[in-house]
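Shown next: run-v2.cif, containing mmCIF, C-alpha atoms.
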data_structure
#
loop_
_atom_site.label_atom_id
_atom_site.label_comp_id
_atom_site.auth_asym_id
_atom_site.auth_seq_id
_atom_site.Cartn_x
_atom_site.Cartn_y
_atom_site.Cartn_z
CA MET A 144 23.73 -18.70 15.38
CA GLU A 145 21.16 -20.93 16.92
CA ILE A 146 18.94 -22.55 14.34
CA SER A 147 15.35 -22.48 15.43
CA LYS A 148 12.04 -22.78 13.65
CA ARG A 149 9.32 -20.20 13.72
CA GLU A 150 6.89 -21.66 16.20
CA LEU A 151 3.73 -20.56 17.93
CA ILE A 152 2.24 -21.72 21.18
CA SER A 153 -1.21 -23.29 20.88
CA PHE A 154 -4.39 -21.44 21.72
CA LYS A 155 -4.87 -23.95 24.53
CA GLU A 156 -1.57 -22.92 26.13
CA ARG A 157 -2.28 -19.25 25.60
CA LYS A 158 -2.64 -17.33 28.86
CA PHE A 159 -2.75 -13.59 29.39
CA PRO A 160 0.66 -12.65 30.83
CA GLU A 161 1.24 -10.81 34.09
CA ASP A 162 4.74 -9.80 33.11
CA ILE A 163 6.33 -9.46 29.71
CA CYS A 164 10.11 -9.70 29.79
CA PHE A 165 12.56 -8.80 27.07
CA ARG A 166 16.34 -8.84 26.70
CA PRO A 167 18.24 -5.90 25.30
CA ILE A 168 19.47 -6.61 21.76
CA GLY A 169 21.84 -3.65 21.67
CA ILE A 170 23.01 -0.38 23.18
CA VAL A 171 22.94 3.23 21.98
CA HIS A 172 26.18 5.19 21.62
CA SER A 173 25.14 8.80 21.61
CA PRO A 174 26.71 12.23 22.16
CA PHE A 175 24.04 12.81 24.84
CA GLU A 176 25.77 11.63 27.99
CA GLY A 177 23.71 13.68 30.41
CA LEU A 178 20.05 14.52 30.73
CA THR A 179 20.20 18.08 29.44
CA GLY A 180 20.24 19.00 25.80
CA ILE A 181 18.65 15.83 24.47
CA PRO A 182 16.34 16.77 21.58
CA ILE A 183 12.72 16.08 22.40
CA GLN A 184 12.13 14.18 19.15
CA PRO A 185 14.35 12.69 16.41
CA SER A 186 12.76 15.06 13.89
CA MET A 187 14.35 17.92 15.86
CA SER A 188 17.83 16.40 16.00
CA ASN A 189 20.86 16.36 13.74
CA ALA A 190 22.96 14.33 16.13
CA ASN A 191 24.90 11.36 14.83
CA GLY A 192 25.51 8.22 16.80
CA LYS A 193 25.69 4.47 16.67
CA ILE A 194 23.47 1.63 17.69
CA GLU A 195 25.58 -1.36 18.62
CA ILE A 196 23.65 -4.56 18.06
CA PHE A 197 25.07 -7.31 20.23
CA LYS A 198 27.10 -9.84 18.23
CA GLN A 199 24.70 -12.69 18.87
CA TYR A 200 21.97 -10.78 16.98
CA GLN A 201 24.12 -9.53 14.10
CA ASP A 202 22.63 -12.03 11.61
CA ALA A 203 19.25 -10.35 12.10
CA LEU A 204 20.62 -7.22 10.38
CA LYS A 205 20.86 -8.80 6.91
CA ASN A 206 19.14 -6.55 4.30
CA LEU A 207 18.59 -3.69 6.74
CA ASP A 208 21.13 -1.55 4.86
CA GLY A 209 18.64 -1.02 2.03
CA PHE A 210 16.43 1.11 4.28
CA SER A 211 17.00 4.81 4.85
CA HIS A 212 15.06 4.94 8.13
CA ILE A 213 14.44 2.61 11.04
CA PHE A 214 12.23 2.42 14.09
CA CYS A 215 14.35 2.06 17.18
CA LEU A 216 12.47 0.77 20.23
CA PHE A 217 14.37 1.34 23.42
CA PHE A 218 14.05 1.26 27.18
CA PHE A 219 14.05 4.49 29.21
CA ASP A 220 16.13 2.71 31.83
CA MET A 221 16.51 5.73 34.12
CA VAL A 222 12.79 6.16 34.80
CA LYS A 223 11.68 5.18 38.30
CA LEU A 224 8.39 3.33 38.53
CA PRO A 225 5.60 3.91 39.29
CA VAL A 226 5.09 7.09 37.28
CA PRO A 227 2.18 9.51 37.56
CA LEU A 228 -0.54 8.73 35.02
CA GLN A 229 -0.86 12.38 34.10
CA SER A 230 1.84 14.99 33.67
CA LYS A 231 2.89 18.08 31.74
CA PRO A 232 4.40 17.52 28.31
CA PHE A 233 7.47 19.46 27.22
CA LEU A 234 5.48 21.44 24.67
CA LYS A 235 2.52 22.65 26.76
CA ASP A 236 1.93 23.88 30.28
CA GLU A 237 -1.07 21.68 30.98
CA ILE A 238 -1.65 18.32 32.65
CA MET A 239 -2.27 15.49 30.16
CA GLY A 240 -2.68 11.75 30.32
CA VAL A 241 0.68 10.09 29.67
CA PHE A 242 -0.79 8.01 26.81
CA ALA A 243 -1.58 11.33 25.07
CA ILE A 244 2.00 12.61 25.35
CA ARG A 245 5.43 11.27 24.43
CA THR A 246 7.05 11.55 27.84
CA PRO A 247 9.54 8.86 28.92
CA PHE A 248 7.61 8.67 32.21
CA ARG A 249 5.10 6.02 31.13
CA PRO A 250 3.85 2.89 32.90
CA ASN A 251 6.05 0.87 30.51
CA PRO A 252 8.95 3.22 29.73
CA ILE A 253 9.45 2.32 26.06
CA GLY A 254 10.79 4.88 23.62
CA LEU A 255 10.12 4.90 19.90
CA SER A 256 12.29 6.92 17.51
CA VAL A 257 12.39 7.07 13.74
CA LEU A 258 16.09 7.41 12.92
CA GLU A 259 17.90 7.95 9.66
CA LEU A 260 20.11 4.95 8.91
CA ILE A 261 23.37 6.16 7.38
CA GLU A 262 25.30 2.91 7.23
CA VAL A 263 25.34 -0.63 8.54
CA ARG A 264 28.87 -1.85 9.31
CA ASP A 265 29.06 -5.33 10.85
CA ASN A 266 27.00 -5.04 14.04
CA LEU A 267 26.93 -1.24 14.09
CA LEU A 268 24.13 0.98 12.82
CA PHE A 269 25.34 4.52 12.09
CA VAL A 270 22.34 6.80 12.55
CA ASN A 271 21.32 10.43 12.40
CA ASN A 272 18.46 12.31 14.15
CA LEU A 273 19.45 10.73 17.42
CA ASP A 274 17.39 11.81 20.46
CA ILE A 275 18.43 9.05 22.83
CA LEU A 276 20.64 9.08 25.91
CA ASP A 277 24.04 7.37 25.67
CA LYS A 278 24.11 3.72 26.89
CA THR A 279 20.37 3.25 26.47
CA PRO A 280 19.28 -0.40 26.05
CA VAL A 281 17.74 -1.18 22.66
CA ILE A 282 14.81 -3.62 22.48
CA ASP A 283 13.96 -3.86 18.78
CA ILE A 284 14.86 -2.50 15.35
CA LYS A 285 12.25 -2.44 12.57
CA PRO A 286 12.51 -1.09 9.04
CA TYR A 287 10.52 2.13 8.58
CA VAL A 288 8.16 1.80 5.62
CA PRO A 289 6.19 4.95 4.70
CA GLN A 290 3.61 2.80 2.90
CA PHE A 291 2.89 1.05 6.21
CA ASP A 292 3.62 3.73 8.75
CA ASN A 293 2.74 7.15 7.34
CA ARG A 294 -0.64 8.65 8.01
CA GLU A 295 -1.30 11.91 6.24
CA SER A 296 -4.52 13.44 7.48
CA THR A 297 -4.38 13.34 11.21
CA LYS A 298 -5.67 15.32 14.12
CA ILE A 299 -2.91 15.96 16.63
CA GLY A 300 -5.03 17.08 19.57
CA TRP A 301 -3.33 19.32 22.11
CA LEU A 302 -0.16 19.48 19.99
CA ALA A 303 -1.87 21.54 17.28
CA GLY A 304 -0.28 24.97 17.43
CA SER A 305 2.34 23.91 19.98
CA ILE A 306 4.93 22.29 17.76
CA ARG A 307 6.06 25.14 15.53
CA HIS A 308 6.08 27.54 18.44
CA LYS A 309 8.58 25.58 20.54
CA ILE A 310 10.85 24.59 17.68
CA SER A 311 11.36 28.05 16.27
CA MET V 40 -4.83 6.69 41.15
CA GLU V 41 -1.51 6.49 42.87
CA ILE V 42 0.14 9.84 43.14
CA SER V 43 3.79 9.60 42.29
CA LYS V 44 6.41 12.05 41.19
CA ARG V 45 8.39 11.82 38.01
CA GLU V 46 11.70 10.50 39.23
CA LEU V 47 14.91 9.27 37.67
CA ILE V 48 17.50 6.94 39.05
CA SER V 49 20.97 8.46 39.42
CA PHE V 50 23.78 7.82 36.96
CA LYS V 51 25.60 6.08 39.81
CA GLU V 52 22.76 3.57 40.19
CA ARG V 53 22.47 3.09 36.44
CA LYS V 54 23.35 -0.43 35.34
CA PHE V 55 22.78 -2.03 31.97
CA PRO V 56 19.83 -4.42 32.44
CA GLU V 57 19.84 -8.13 31.65
CA ASP V 58 16.06 -8.31 31.52
CA ILE V 59 13.51 -5.60 30.89
CA CYS V 60 10.09 -6.46 32.23
CA PHE V 61 6.82 -4.74 31.50
CA ARG V 62 3.21 -5.22 32.57
CA PRO V 63 0.36 -5.24 30.07
CA ILE V 64 -1.66 -2.03 30.27
CA GLY V 65 -4.55 -3.37 28.20
CA ILE V 66 -5.92 -6.01 25.87
CA VAL V 67 -7.01 -5.97 22.23
CA HIS V 68 -10.56 -6.96 21.28
CA SER V 69 -10.42 -7.82 17.62
CA PRO V 70 -12.46 -9.72 15.03
CA PHE V 71 -9.31 -11.80 14.34
CA GLU V 72 -9.74 -14.73 16.68
CA GLY V 73 -7.56 -17.14 14.73
CA LEU V 74 -4.25 -16.87 12.94
CA THR V 75 -5.55 -16.81 9.39
CA GLY V 76 -6.88 -13.72 7.69
CA ILE V 77 -5.09 -11.18 9.86
CA PRO V 78 -3.99 -8.25 7.65
CA ILE V 79 -0.21 -8.00 7.43
CA GLN V 80 -0.23 -4.29 8.23
CA PRO V 81 -2.77 -1.79 9.62
CA SER V 82 -2.57 0.17 6.35
CA MET V 83 -4.09 -2.87 4.64
CA SER V 84 -6.94 -3.32 7.12
CA ASN V 85 -10.42 -1.87 7.51
CA ALA V 86 -11.22 -3.92 10.58
CA ASN V 87 -12.75 -2.26 13.59
CA GLY V 88 -12.04 -3.26 17.14
CA LYS V 89 -11.41 -2.04 20.64
CA ILE V 90 -8.42 -1.63 22.87
CA GLU V 91 -9.44 -2.05 26.48
CA ILE V 92 -7.10 -0.13 28.74
CA PHE V 93 -7.17 -1.61 32.21
CA LYS V 94 -9.10 0.53 34.68
CA GLN V 95 -6.03 1.35 36.78
CA TYR V 96 -4.49 3.13 33.75
CA GLN V 97 -7.61 4.95 32.56
CA ASP V 98 -6.41 8.34 33.86
CA ALA V 99 -3.49 8.13 31.41
CA LEU V 100 -5.96 8.47 28.50
CA LYS V 101 -6.86 12.11 29.23
CA ASN V 102 -6.54 14.23 26.03
CA LEU V 103 -5.93 11.22 23.78
CA ASP V 104 -9.32 11.74 22.11
CA GLY V 105 -7.96 14.75 20.22
CA PHE V 106 -5.71 12.51 18.13
CA SER V 107 -6.90 10.73 15.00
CA HIS V 108 -4.15 8.09 15.08
CA ILE V 109 -2.20 6.24 17.74
CA PHE V 110 0.80 3.95 17.98
CA CYS V 111 -0.18 0.72 19.66
CA LEU V 112 2.74 -1.29 21.01
CA PHE V 113 1.80 -4.84 21.78
CA PHE V 114 3.23 -8.24 22.63
CA PHE V 115 3.10 -11.10 20.12
CA ASP V 116 2.34 -13.44 22.99
CA MET V 117 1.99 -16.57 20.86
CA VAL V 118 5.55 -16.49 19.51
CA LYS V 119 7.83 -19.19 20.91
CA LEU V 120 11.38 -18.13 21.71
CA PRO V 121 14.08 -18.39 20.53
CA VAL V 122 13.23 -17.38 16.97
CA PRO V 123 15.49 -17.72 13.91
CA LEU V 124 17.42 -14.52 13.25
CA GLN V 125 16.63 -14.72 9.55
CA SER V 126 13.42 -15.72 7.83
CA LYS V 127 11.20 -15.08 4.84
CA PRO V 128 8.90 -12.08 5.01
CA PHE V 129 5.30 -12.33 3.87
CA LEU V 130 5.95 -10.13 0.86
CA LYS V 131 9.05 -11.77 -0.65
CA ASP V 132 10.35 -15.30 -1.15
CA GLU V 133 13.84 -14.60 0.16
CA ILE V 134 15.61 -15.01 3.50
CA MET V 135 16.09 -11.72 5.34
CA GLY V 136 17.36 -10.63 8.72
CA VAL V 137 14.43 -10.26 11.11
CA PHE V 138 15.41 -6.64 11.93
CA ALA V 139 14.89 -5.88 8.21
CA ILE V 140 11.35 -7.31 8.16
CA ARG V 141 8.20 -6.81 10.18
CA THR V 142 7.64 -10.42 11.21
CA PRO V 143 6.23 -11.16 14.68
CA PHE V 144 9.04 -13.72 15.05
CA ARG V 145 11.66 -11.38 16.50
CA PRO V 146 14.02 -11.76 19.47
CA ASN V 147 11.72 -9.43 21.41
CA PRO V 148 8.28 -10.04 19.91
CA ILE V 149 6.94 -6.50 20.04
CA GLY V 150 4.39 -5.31 17.51
CA LEU V 151 3.92 -1.72 16.42
CA SER V 152 0.76 -0.59 14.63
CA VAL V 153 -0.48 2.84 13.64
CA LEU V 154 -4.24 2.67 14.22
CA GLU V 155 -7.01 5.12 13.49
CA LEU V 156 -8.62 6.26 16.73
CA ILE V 157 -12.36 6.57 16.23
CA GLU V 158 -13.48 7.26 19.77
CA VAL V 159 -12.36 7.13 23.37
CA ARG V 160 -15.14 5.99 25.71
CA ASP V 161 -14.08 5.58 29.35
CA ASN V 162 -11.28 2.99 29.23
CA LEU V 163 -12.06 1.81 25.69
CA LEU V 164 -10.33 2.95 22.52
CA PHE V 165 -12.44 2.28 19.43
CA VAL V 166 -10.02 1.83 16.54
CA ASN V 167 -9.93 1.08 12.83
CA ASN V 168 -7.18 -0.50 10.65
CA LEU V 169 -6.78 -3.25 13.18
CA ASP V 170 -4.21 -5.94 12.28
CA ILE V 171 -3.85 -7.53 15.70
CA LEU V 172 -5.02 -10.89 17.05
CA ASP V 173 -7.86 -10.90 19.57
CA LYS V 174 -6.76 -10.94 23.25
CA THR V 175 -3.29 -9.58 22.49
CA PRO V 176 -1.61 -7.83 25.44
CA VAL V 177 -1.01 -4.11 24.94
CA ILE V 178 2.21 -2.55 26.29
CA ASP V 179 1.95 1.13 25.40
CA ILE V 180 -0.19 3.71 23.61
CA LYS V 181 1.40 6.85 22.14
CA PRO V 182 -0.18 9.65 20.13
CA TYR V 183 0.82 9.52 16.46
CA VAL V 184 2.23 12.89 15.37
CA PRO V 185 3.07 13.23 11.66
CA GLN V 186 5.43 16.13 12.47
CA PHE V 187 7.46 13.75 14.66
CA ASP V 188 6.93 10.41 12.98
CA ASN V 189 6.58 10.87 9.22
CA ARG V 190 9.61 10.56 6.99
CA GLU V 191 8.98 11.35 3.38
CA SER V 192 12.02 10.45 1.32
CA THR V 193 13.00 6.99 2.31
CA LYS V 194 14.58 3.96 0.76
CA ILE V 195 12.61 0.83 1.56
CA GLY V 196 15.20 -1.77 0.58
CA TRP V 197 13.87 -5.20 -0.41
CA LEU V 198 10.27 -3.96 -0.10
CA ALA V 199 10.62 -1.69 -3.16
CA GLY V 200 8.43 -3.22 -5.83
CA SER V 201 6.97 -5.84 -3.50
CA ILE V 202 4.29 -3.85 -1.75
CA ARG V 203 1.98 -2.87 -4.58
CA HIS V 204 2.26 -6.32 -6.10
CA LYS V 205 0.92 -8.17 -3.07
CA ILE V 206 -1.77 -5.69 -2.11
CA SER V 207 -3.42 -5.45 -5.52
#

What does this structure look like when you write it as structure tokens?
Amino acid sequence: MEISKRELISFKERKFPEDICFRPIGIVHSPFEGLTGIPIQPSMSNANGKIEIFKQYQDALKNLDGFSHIFCLFFFDMVKLPVPLQSKPFLKDEIMGVFAIRTPFRPNPIGLSVLELIEVRDNLLFVNNLDILDKTPVIDIKPYVPQFDNRESTKIGWLAGSIRHKIS
Amino acid sequence: MEISKRELISFKERKFPEDICFRPIGIVHSPFEGLTGIPIQPSMSNANGKIEIFKQYQDALKNLDGFSHIFCLFFFDMVKLPVPLQSKPFLKDEIMGVFAIRTPFRPNPIGLSVLELIEVRDNLLFVNNLDILDKTPVIDIKPYVPQFDNRESTKIGWLAGSIRHKIS
């Protein structure tokens, strides 16, 4: 493990970036090996799978096992860019802006799933509610904290009335 | 607006990426112009601000105004890499793995905030609960949907007992 300090650049050096590049920190092992049958959201999935965190990042997992849920940020690596800025969501037959829907086809194809964390074993996260394609590159893992992340009274725009209908 | 189809690469072309590069789709305008005084989480902030979505992505905002909350994914552009894989969180005096805390100092310095969406005016999102530094690059906007994103019964590991203490 490389020892490094937490350091910031100075405001003088700060420059708005043209590109923002990341490295995968892990890979998803999922029962979904093809593009059909993947649940549209983790909350609609009972699938189990594993997130393999690459060995060089394993030390970053310390204390994660105390959490029952995690945010998994991942890269929709099969999406071809550029994408249309408006398209039809899965749950409604109407054209929407892609920032108002959860489609993988977004200018920056990042996925965000709240997954149940069953167990942490070495560099493997055993998870439930998986809605992610097998072999998907993982960008970040964050603990899910209802006190930070839950919002109770929300308007859900075009989705109102669409969710129950499609699930049942 | 460029017209493009939603397209996927083939499984044959699929190759695990070494780098994953994104382009900022917007910039945060926030009252927090320095590094002190920034709330540690949106749920602890009453600050108002704006997210400016760059004009070329404005069409992707259609229908977003129906939502009361959004996920804002952003880049902690002032973080110097590499970061330590373990460090002390703001809320506890103990060394933790960075995937078990919400520090900006992460291998891929991506921030995730649930913000209240007050108004959408052209390419500007007027938001509350802001906890983001001024001029921060924005990577993605997603609608926040409690039915997808809320988890009620969760274990919050080391944070149990620490949250109320620090806020009050």

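Closest approach to Cys111 of chain V among V:Val137, V:Val166, V:Ala86, V:Cys60 is made by V:Val166 (distances from all atoms listed in the file).
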
Superposition output for chain V against chain A, all Cα paired in order, as a JSON list (two decimals) with C-alpha atoms, in the frame of the given file:
[["chain", "number", "residue", "atom", "x", "y", "z"],
["V", 40, "MET", "CA", 23.68, -18.64, 15.31],
["V", 41, "GLU", "CA", 21.15, -20.91, 16.87],
["V", 42, "ILE", "CA", 18.95, -22.54, 14.32],
["V", 43, "SER", "CA", 15.36, -22.49, 15.42],
["V", 44, "LYS", "CA", 12.06, -22.79, 13.66],
["V", 45, "ARG", "CA", 9.33, -20.22, 13.72],
["V", 46, "GLU", "CA", 6.91, -21.68, 16.20],
["V", 47, "LEU", "CA", 3.73, -20.57, 17.92],
["V", 48, "ILE", "CA", 2.25, -21.71, 21.16],
["V", 49, "SER", "CA", -1.20, -23.29, 20.86],
["V", 50, "PHE", "CA", -4.40, -21.43, 21.71],
["V", 51, "LYS", "CA", -4.87, -23.95, 24.52],
["V", 52, "GLU", "CA", -1.56, -22.91, 26.10],
["V", 53, "ARG", "CA", -2.29, -19.23, 25.59],
["V", 54, "LYS", "CA", -2.65, -17.33, 28.85],
["V", 55, "PHE", "CA", -2.76, -13.60, 29.38],
["V", 56, "PRO", "CA", 0.65, -12.65, 30.84],
["V", 57, "GLU", "CA", 1.23, -10.80, 34.09],
["V", 58, "ASP", "CA", 4.74, -9.79, 33.11],
["V", 59, "ILE", "CA", 6.33, -9.46, 29.71],
["V", 60, "CYS", "CA", 10.09, -9.68, 29.81],
["V", 61, "PHE", "CA", 12.54, -8.81, 27.08],
["V", 62, "ARG", "CA", 16.32, -8.85, 26.71],
["V", 63, "PRO", "CA", 18.23, -5.90, 25.31],
["V", 64, "ILE", "CA", 19.46, -6.61, 21.78],
["V", 65, "GLY", "CA", 21.83, -3.65, 21.69],
["V", 66, "ILE", "CA", 23.00, -0.38, 23.19],
["V", 67, "VAL", "CA", 22.94, 3.22, 21.98],
["V", 68, "HIS", "CA", 26.18, 5.19, 21.63],
["V", 69, "SER", "CA", 25.16, 8.81, 21.62],
["V", 70, "PRO", "CA", 26.71, 12.24, 22.17],
["V", 71, "PHE", "CA", 24.04, 12.81, 24.87],
["V", 72, "GLU", "CA", 25.78, 11.63, 28.00],
["V", 73, "GLY", "CA", 23.71, 13.68, 30.42],
["V", 74, "LEU", "CA", 20.05, 14.53, 30.73],
["V", 75, "THR", "CA", 20.20, 18.09, 29.46],
["V", 76, "GLY", "CA", 20.25, 19.02, 25.81],
["V", 77, "ILE", "CA", 18.66, 15.84, 24.49],
["V", 78, "PRO", "CA", 16.34, 16.76, 21.58],
["V", 79, "ILE", "CA", 12.70, 16.05, 22.41],
["V", 80, "GLN", "CA", 12.14, 14.18, 19.16],
["V", 81, "PRO", "CA", 14.35, 12.70, 16.42],
["V", 82, "SER", "CA", 12.77, 15.09, 13.90],
["V", 83, "MET", "CA", 14.35, 17.93, 15.87],
["V", 84, "SER", "CA", 17.83, 16.40, 16.02],
["V", 85, "ASN", "CA", 20.86, 16.37, 13.74],
["V", 86, "ALA", "CA", 22.96, 14.33, 16.12],
["V", 87, "ASN", "CA", 24.91, 11.37, 14.84],
["V", 88, "GLY", "CA", 25.51, 8.23, 16.80],
["V", 89, "LYS", "CA", 25.69, 4.47, 16.67],
["V", 90, "ILE", "CA", 23.48, 1.62, 17.70],
["V", 91, "GLU", "CA", 25.58, -1.37, 18.63],
["V", 92, "ILE", "CA", 23.65, -4.57, 18.06],
["V", 93, "PHE", "CA", 25.06, -7.32, 20.22],
["V", 94, "LYS", "CA", 27.11, -9.83, 18.25],
["V", 95, "GLN", "CA", 24.69, -12.70, 18.88],
["V", 96, "TYR", "CA", 21.97, -10.78, 16.98],
["V", 97, "GLN", "CA", 24.12, -9.54, 14.10],
["V", 98, "ASP", "CA", 22.64, -12.04, 11.61],
["V", 99, "ALA", "CA", 19.25, -10.35, 12.10],
["V", 100, "LEU", "CA", 20.61, -7.21, 10.37],
["V", 101, "LYS", "CA", 20.86, -8.79, 6.91],
["V", 102, "ASN", "CA", 19.15, -6.54, 4.29],
["V", 103, "LEU", "CA", 18.58, -3.68, 6.73],
["V", 104, "ASP", "CA", 21.13, -1.54, 4.86],
["V", 105, "GLY", "CA", 18.64, -1.00, 2.03],
["V", 106, "PHE", "CA", 16.43, 1.12, 4.28],
["V", 107, "SER", "CA", 17.01, 4.82, 4.85],
["V", 108, "HIS", "CA", 15.06, 4.94, 8.13],
["V", 109, "ILE", "CA", 14.44, 2.61, 11.04],
["V", 110, "PHE", "CA", 12.23, 2.42, 14.10],
["V", 111, "CYS", "CA", 14.35, 2.06, 17.20],
["V", 112, "LEU", "CA", 12.48, 0.77, 20.23],
["V", 113, "PHE", "CA", 14.36, 1.34, 23.43],
["V", 114, "PHE", "CA", 14.04, 1.27, 27.20],
["V", 115, "PHE", "CA", 14.05, 4.50, 29.22],
["V", 116, "ASP", "CA", 16.12, 2.71, 31.84],
["V", 117, "MET", "CA", 16.51, 5.72, 34.14],
["V", 118, "VAL", "CA", 12.79, 6.16, 34.80],
["V", 119, "LYS", "CA", 11.68, 5.17, 38.30],
["V", 120, "LEU", "CA", 8.38, 3.32, 38.55],
["V", 121, "PRO", "CA", 5.58, 3.90, 39.31],
["V", 122, "VAL", "CA", 5.10, 7.08, 37.29],
["V", 123, "PRO", "CA", 2.17, 9.52, 37.56],
["V", 124, "LEU", "CA", -0.53, 8.73, 35.01],
["V", 125, "GLN", "CA", -0.84, 12.39, 34.10],
["V", 126, "SER", "CA", 1.86, 15.00, 33.68],
["V", 127, "LYS", "CA", 2.90, 18.07, 31.73],
["V", 128, "PRO", "CA", 4.43, 17.51, 28.31],
["V", 129, "PHE", "CA", 7.49, 19.44, 27.22],
["V", 130, "LEU", "CA", 5.51, 21.42, 24.67],
["V", 131, "LYS", "CA", 2.55, 22.63, 26.75],
["V", 132, "ASP", "CA", 1.97, 23.88, 30.29],
["V", 133, "GLU", "CA", -1.04, 21.68, 30.97],
["V", 134, "ILE", "CA", -1.61, 18.31, 32.65],
["V", 135, "MET", "CA", -2.24, 15.50, 30.17],
["V", 136, "GLY", "CA", -2.67, 11.76, 30.33],
["V", 137, "VAL", "CA", 0.68, 10.08, 29.68],
["V", 138, "PHE", "CA", -0.79, 8.01, 26.80],
["V", 139, "ALA", "CA", -1.57, 11.34, 25.08],
["V", 140, "ILE", "CA", 2.02, 12.60, 25.35],
["V", 141, "ARG", "CA", 5.43, 11.27, 24.43],
["V", 142, "THR", "CA", 7.06, 11.54, 27.85],
["V", 143, "PRO", "CA", 9.55, 8.86, 28.93],
["V", 144, "PHE", "CA", 7.62, 8.67, 32.22],
["V", 145, "ARG", "CA", 5.09, 6.04, 31.16],
["V", 146, "PRO", "CA", 3.85, 2.88, 32.90],
["V", 147, "ASN", "CA", 6.05, 0.88, 30.52],
["V", 148, "PRO", "CA", 8.94, 3.22, 29.72],
["V", 149, "ILE", "CA", 9.44, 2.32, 26.07],
["V", 150, "GLY", "CA", 10.80, 4.87, 23.63],
["V", 151, "LEU", "CA", 10.12, 4.89, 19.91],
["V", 152, "SER", "CA", 12.28, 6.91, 17.51],
["V", 153, "VAL", "CA", 12.39, 7.06, 13.74],
["V", 154, "LEU", "CA", 16.09, 7.41, 12.92],
["V", 155, "GLU", "CA", 17.91, 7.95, 9.67],
["V", 156, "LEU", "CA", 20.11, 4.96, 8.89],
["V", 157, "ILE", "CA", 23.37, 6.16, 7.39],
["V", 158, "GLU", "CA", 25.30, 2.91, 7.24],
["V", 159, "VAL", "CA", 25.35, -0.63, 8.53],
["V", 160, "ARG", "CA", 28.87, -1.84, 9.32],
["V", 161, "ASP", "CA", 29.05, -5.32, 10.86],
["V", 162, "ASN", "CA", 26.99, -5.04, 14.06],
["V", 163, "LEU", "CA", 26.93, -1.23, 14.09],
["V", 164, "LEU", "CA", 24.13, 0.98, 12.81],
["V", 165, "PHE", "CA", 25.33, 4.51, 12.08],
["V", 166, "VAL", "CA", 22.33, 6.79, 12.54],
["V", 167, "ASN", "CA", 21.32, 10.44, 12.40],
["V", 168, "ASN", "CA", 18.47, 12.33, 14.16],
["V", 169, "LEU", "CA", 19.45, 10.73, 17.42],
["V", 170, "ASP", "CA", 17.40, 11.81, 20.46],
["V", 171, "ILE", "CA", 18.42, 9.05, 22.84],
["V", 172, "LEU", "CA", 20.65, 9.07, 25.92],
["V", 173, "ASP", "CA", 24.03, 7.37, 25.68],
["V", 174, "LYS", "CA", 24.10, 3.73, 26.90],
["V", 175, "THR", "CA", 20.35, 3.25, 26.48],
["V", 176, "PRO", "CA", 19.27, -0.39, 26.05],
["V", 177, "VAL", "CA", 17.75, -1.18, 22.66],
["V", 178, "ILE", "CA", 14.80, -3.62, 22.48],
["V", 179, "ASP", "CA", 13.97, -3.86, 18.78],
["V", 180, "ILE", "CA", 14.86, -2.51, 15.34],
["V", 181, "LYS", "CA", 12.25, -2.45, 12.56],
["V", 182, "PRO", "CA", 12.51, -1.09, 9.03],
["V", 183, "TYR", "CA", 10.53, 2.13, 8.59],
["V", 184, "VAL", "CA", 8.15, 1.80, 5.63],
["V", 185, "PRO", "CA", 6.20, 4.95, 4.69],
["V", 186, "GLN", "CA", 3.61, 2.80, 2.89],
["V", 187, "PHE", "CA", 2.89, 1.04, 6.20],
["V", 188, "ASP", "CA", 3.63, 3.73, 8.75],
["V", 189, "ASN", "CA", 2.74, 7.15, 7.34],
["V", 190, "ARG", "CA", -0.66, 8.64, 8.00],
["V", 191, "GLU", "CA", -1.31, 11.89, 6.24],
["V", 192, "SER", "CA", -4.55, 13.40, 7.49],
["V", 193, "THR", "CA", -4.40, 13.31, 11.22],
["V", 194, "LYS", "CA", -5.66, 15.32, 14.13],
["V", 195, "ILE", "CA", -2.90, 15.97, 16.64],
["V", 196, "GLY", "CA", -5.02, 17.09, 19.58],
["V", 197, "TRP", "CA", -3.31, 19.34, 22.14],
["V", 198, "LEU", "CA", -0.15, 19.48, 20.00],
["V", 199, "ALA", "CA", -1.88, 21.55, 17.29],
["V", 200, "GLY", "CA", -0.29, 24.97, 17.44],
["V", 201, "SER", "CA", 2.33, 23.93, 19.98],
["V", 202, "ILE", "CA", 4.90, 22.30, 17.75],
["V", 203, "ARG", "CA", 5.99, 25.13, 15.50],
["V", 204, "HIS", "CA", 6.05, 27.53, 18.43],
["V", 205, "LYS", "CA", 8.60, 25.58, 20.45],
["V", 206, "ILE", "CA", 10.83, 24.53, 17.59],
["V", 207, "SER", "CA", 11.31, 27.98, 16.08]]

Taking only C-alpha atoms into account, name the residue in A:Ser153, A:Pro232, A:Asp265, A:Ile244 that is nearest to Gln199 of chain A.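 So, comparing all the options, the nearest one is A:Asp265.
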
Figure out the distance between atom CA of Asn272 of chain A and atom CA of Arg249 of chain A, please, to one decimal in Å.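 Distance between the two atoms: 22.5 Å.
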
Among listed residues A:Tyr287, A:Phe242, A:Phe217, A:Phe154, nearest Gly73 of chain V (using only C-alpha atoms):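 Smallest distance to Gly73 of chain V is found for A:Phe154.
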
Where does the PyMOL selection byres ((chain A and resi 209) around 10) land in this file, that is, which residues does it pick, as a PyMOL selection string? (chain A and resi 205-208+210-212+260+262-263+286) or (chain V and resi 139+193-199)
